[in-house]
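J.: Got a file for you: coords.cif, mmCIF, C-alpha atoms.
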data_my_file
loop_
_atom_site.label_atom_id
_atom_site.label_comp_id
_atom_site.auth_asym_id
_atom_site.auth_seq_id
_atom_site.Cartn_x
_atom_site.Cartn_y
_atom_site.Cartn_z
CA MET K 1 -11.01 -13.62 -9.46
CA PRO K 2 -7.30 -14.33 -9.01
CA VAL K 3 -5.08 -12.29 -6.75
CA LYS K 4 -1.36 -12.62 -6.15
CA LEU K 5 -0.55 -13.99 -2.71
CA ARG K 6 2.99 -13.45 -1.44
CA ILE K 7 4.23 -16.18 0.91
CA PRO K 8 6.91 -15.38 3.53
CA THR K 9 10.06 -17.50 3.53
CA PRO K 10 9.23 -19.41 6.76
CA LEU K 11 5.92 -20.66 5.26
CA ARG K 12 7.05 -21.44 1.71
CA ARG K 13 7.57 -25.12 2.44
CA LEU K 14 3.78 -25.37 2.88
CA ALA K 15 3.36 -23.94 -0.64
CA ASP K 16 5.85 -26.31 -2.29
CA GLY K 17 8.53 -23.63 -2.05
CA ALA K 18 6.54 -20.94 -3.91
CA ALA K 19 7.16 -17.30 -3.03
CA GLU K 20 3.95 -16.26 -4.82
CA LEU K 21 0.72 -18.01 -5.67
CA ASN K 22 -2.30 -16.99 -7.71
CA VAL K 23 -5.31 -17.62 -5.50
CA GLU K 24 -9.01 -17.08 -6.14
CA GLY K 25 -11.09 -15.02 -3.74
CA ALA K 26 -13.20 -11.89 -3.40
CA THR K 27 -12.13 -11.22 0.22
CA VAL K 28 -9.07 -11.93 2.34
CA THR K 29 -11.01 -14.72 4.09
CA GLU K 30 -11.82 -16.38 0.76
CA VAL K 31 -8.18 -16.19 -0.34
CA LEU K 32 -6.92 -17.71 2.92
CA THR K 33 -9.58 -20.43 2.76
CA ALA K 34 -8.55 -21.29 -0.80
CA LEU K 35 -4.90 -21.27 0.28
CA GLU K 36 -5.61 -23.79 3.05
CA ARG K 37 -7.65 -25.96 0.67
CA GLU K 38 -4.85 -26.03 -1.91
CA HIS K 39 -1.94 -26.13 0.56
CA PRO K 40 -3.01 -27.59 3.93
CA GLY K 41 -1.19 -26.36 7.03
CA PHE K 42 -1.50 -22.61 6.63
CA ARG K 43 -4.60 -22.23 8.82
CA GLU K 44 -2.93 -23.39 12.02
CA ARG K 45 -0.02 -21.03 11.44
CA LEU K 46 -2.12 -17.99 10.54
CA TYR K 47 -5.15 -18.28 12.85
CA ASP K 48 -5.41 -18.54 16.64
CA GLU K 49 -7.81 -20.76 18.60
CA GLN K 50 -10.58 -18.13 18.32
CA GLY K 51 -10.34 -18.07 14.53
CA GLU K 52 -8.64 -14.67 14.42
CA ILE K 53 -5.40 -13.86 12.65
CA ARG K 54 -2.54 -14.41 15.10
CA ARG K 55 -1.09 -11.24 16.66
CA PHE K 56 2.31 -11.79 15.08
CA VAL K 57 0.91 -12.28 11.56
CA ASN K 58 0.28 -9.20 9.45
CA ILE K 59 -1.66 -9.29 6.21
CA TYR K 60 -1.47 -6.51 3.66
CA VAL K 61 -3.59 -5.79 0.61
CA ALA K 62 -1.93 -3.49 -1.89
CA GLY K 63 0.47 -2.39 0.84
CA GLU K 64 -2.26 -1.59 3.39
CA ASP K 65 -2.57 -3.50 6.68
CA ILE K 66 -5.99 -5.20 6.74
CA ARG K 67 -6.35 -4.22 10.41
CA PHE K 68 -6.91 -0.67 9.16
CA LEU K 69 -9.21 -1.76 6.33
CA LYS K 70 -12.03 -4.26 6.85
CA GLY K 71 -9.95 -7.01 8.43
CA LEU K 72 -10.57 -10.46 7.01
CA ASP K 73 -13.60 -9.06 5.15
CA THR K 74 -11.40 -6.69 3.14
CA PRO K 75 -12.65 -6.91 -0.46
CA LEU K 76 -10.22 -7.78 -3.23
CA LYS K 77 -10.21 -7.05 -6.92
CA GLU K 78 -8.49 -8.91 -9.71
CA GLY K 79 -4.77 -8.29 -9.70
CA ASP K 80 -4.56 -7.20 -6.06
CA GLU K 81 -1.49 -8.31 -4.16
CA VAL K 82 -2.00 -9.89 -0.75
CA SER K 83 1.07 -10.31 1.45
CA ILE K 84 1.45 -12.44 4.57
CA VAL K 85 4.13 -10.86 6.74
CA PRO K 86 5.19 -12.41 10.04
CA ALA K 87 6.12 -9.85 12.68
CA VAL K 88 9.81 -9.62 13.41
CA ALA K 89 11.01 -8.94 16.93
CA GLY K 90 14.33 -8.81 18.57
CA GLY K 91 17.24 -6.58 19.10
CA ALA K 92 20.62 -6.57 20.65
#
Could you write out this file's structure as structure tokens?
T.:
Amino acid sequence: MPVKLRIPTPLRRLADGAAELNVEGATVTEVLTALEREHPGFRERLYDEQGEIRRFVNIYVAGEDIRFLKGLDTPLKEGDEVSIVPAVAGGA
């Protein structure tokens, strides 16, 4: 089932400049696996050496952080929106 995947600006070059992609998957893991298969290079930027989502990468499903849902096993339904959001730090 297709879901809408929103790509952050710093990673769009990996997706041929696309801000959004329709990706097939029943869980967040399946969507990210399909993303890597279709657009190689995402895995190394999203996952750490232990295979976990990097600390500074946040993933949301329908506006909810997957860390507070079922993590990478969060189920998806057709039409869901998945967003990859890199953490922003800084200050003056």
J.: Considering all atoms listed in the file, return as number ranges by chain whatever protein or nucleic-acid residues lie within 7 Å of region 76-79 of chain K, sequence-local ones (same chain, fewer than 6 positions apart) excluded.
T.: K: 1-4, 26-27
J.: Could you list, as a PyMOL selection string, every residue within 12 Å of region 37-47 of chain K, counting all atoms listed in the file and ignoring same-chain residues fewer than 5 positions away?
T.: chain K and resi 7-8+10-18+21-24+29-32+52-59+72+84-87
J.: Given the selection you just returned, output its residues as a file containing C-alpha atoms, formatted as a CSV table (one decimal), keeping the file's coordinate frame.
T.:
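Result file result_33.csv:
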chain,number,residue,atom,x,y,z
K,7,ILE,CA,4.2,-16.2,0.9
K,8,PRO,CA,6.9,-15.4,3.5
K,10,PRO,CA,9.2,-19.4,6.8
K,11,LEU,CA,5.9,-20.7,5.3
K,12,ARG,CA,7.0,-21.4,1.7
K,13,ARG,CA,7.6,-25.1,2.4
K,14,LEU,CA,3.8,-25.4,2.9
K,15,ALA,CA,3.4,-23.9,-0.6
K,16,ASP,CA,5.8,-26.3,-2.3
K,17,GLY,CA,8.5,-23.6,-2.0
K,18,ALA,CA,6.5,-20.9,-3.9
K,21,LEU,CA,0.7,-18.0,-5.7
K,22,ASN,CA,-2.3,-17.0,-7.7
K,23,VAL,CA,-5.3,-17.6,-5.5
K,24,GLU,CA,-9.0,-17.1,-6.1
K,29,THR,CA,-11.0,-14.7,4.1
K,30,GLU,CA,-11.8,-16.4,0.8
K,31,VAL,CA,-8.2,-16.2,-0.3
K,32,LEU,CA,-6.9,-17.7,2.9
K,52,GLU,CA,-8.6,-14.7,14.4
K,53,ILE,CA,-5.4,-13.9,12.6
K,54,ARG,CA,-2.5,-14.4,15.1
K,55,ARG,CA,-1.1,-11.2,16.7
K,56,PHE,CA,2.3,-11.8,15.1
K,57,VAL,CA,0.9,-12.3,11.6
K,58,ASN,CA,0.3,-9.2,9.4
K,59,ILE,CA,-1.7,-9.3,6.2
K,72,LEU,CA,-10.6,-10.5,7.0
K,84,ILE,CA,1.4,-12.4,4.6
K,85,VAL,CA,4.1,-10.9,6.7
K,86,PRO,CA,5.2,-12.4,10.0
K,87,ALA,CA,6.1,-9.8,12.7
J.: For Val82 (chain K), work out the shell of residues within 6 Å, counting all atoms listed in the file and skipping chain neighbours fewer than 3 positions away, then give it as a list in words.
T.: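 The filter keeps Leu5, Tyr60 and Val61 of chain K.
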J.: Interatomic distance between CA of Asp73 (chain K) and CA of Thr33 (chain K)?
T.: 12.3 Å
J.: Quote the spacing between CA of Ala19 (chain K) and CA of Arg6 (chain K) in Å to one decimal place.
T.: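 We find that CA of Ala19 (chain K) and CA of Arg6 (chain K) lie 5.9 Å from each other.
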J.: Report the distance between CA of Leu69 (chain K) and CA of Thr9 (chain K) in Å, rounded to one decimal place.
T.: 25.0 Å
J.: In terms of the shortest atom-to-atom distance over all atoms listed in the file, which of K:Glu81, K:Glu36, K:Asp48, K:Glu20 is closest to Ala62 (chain K)?
T.: K:Glu81
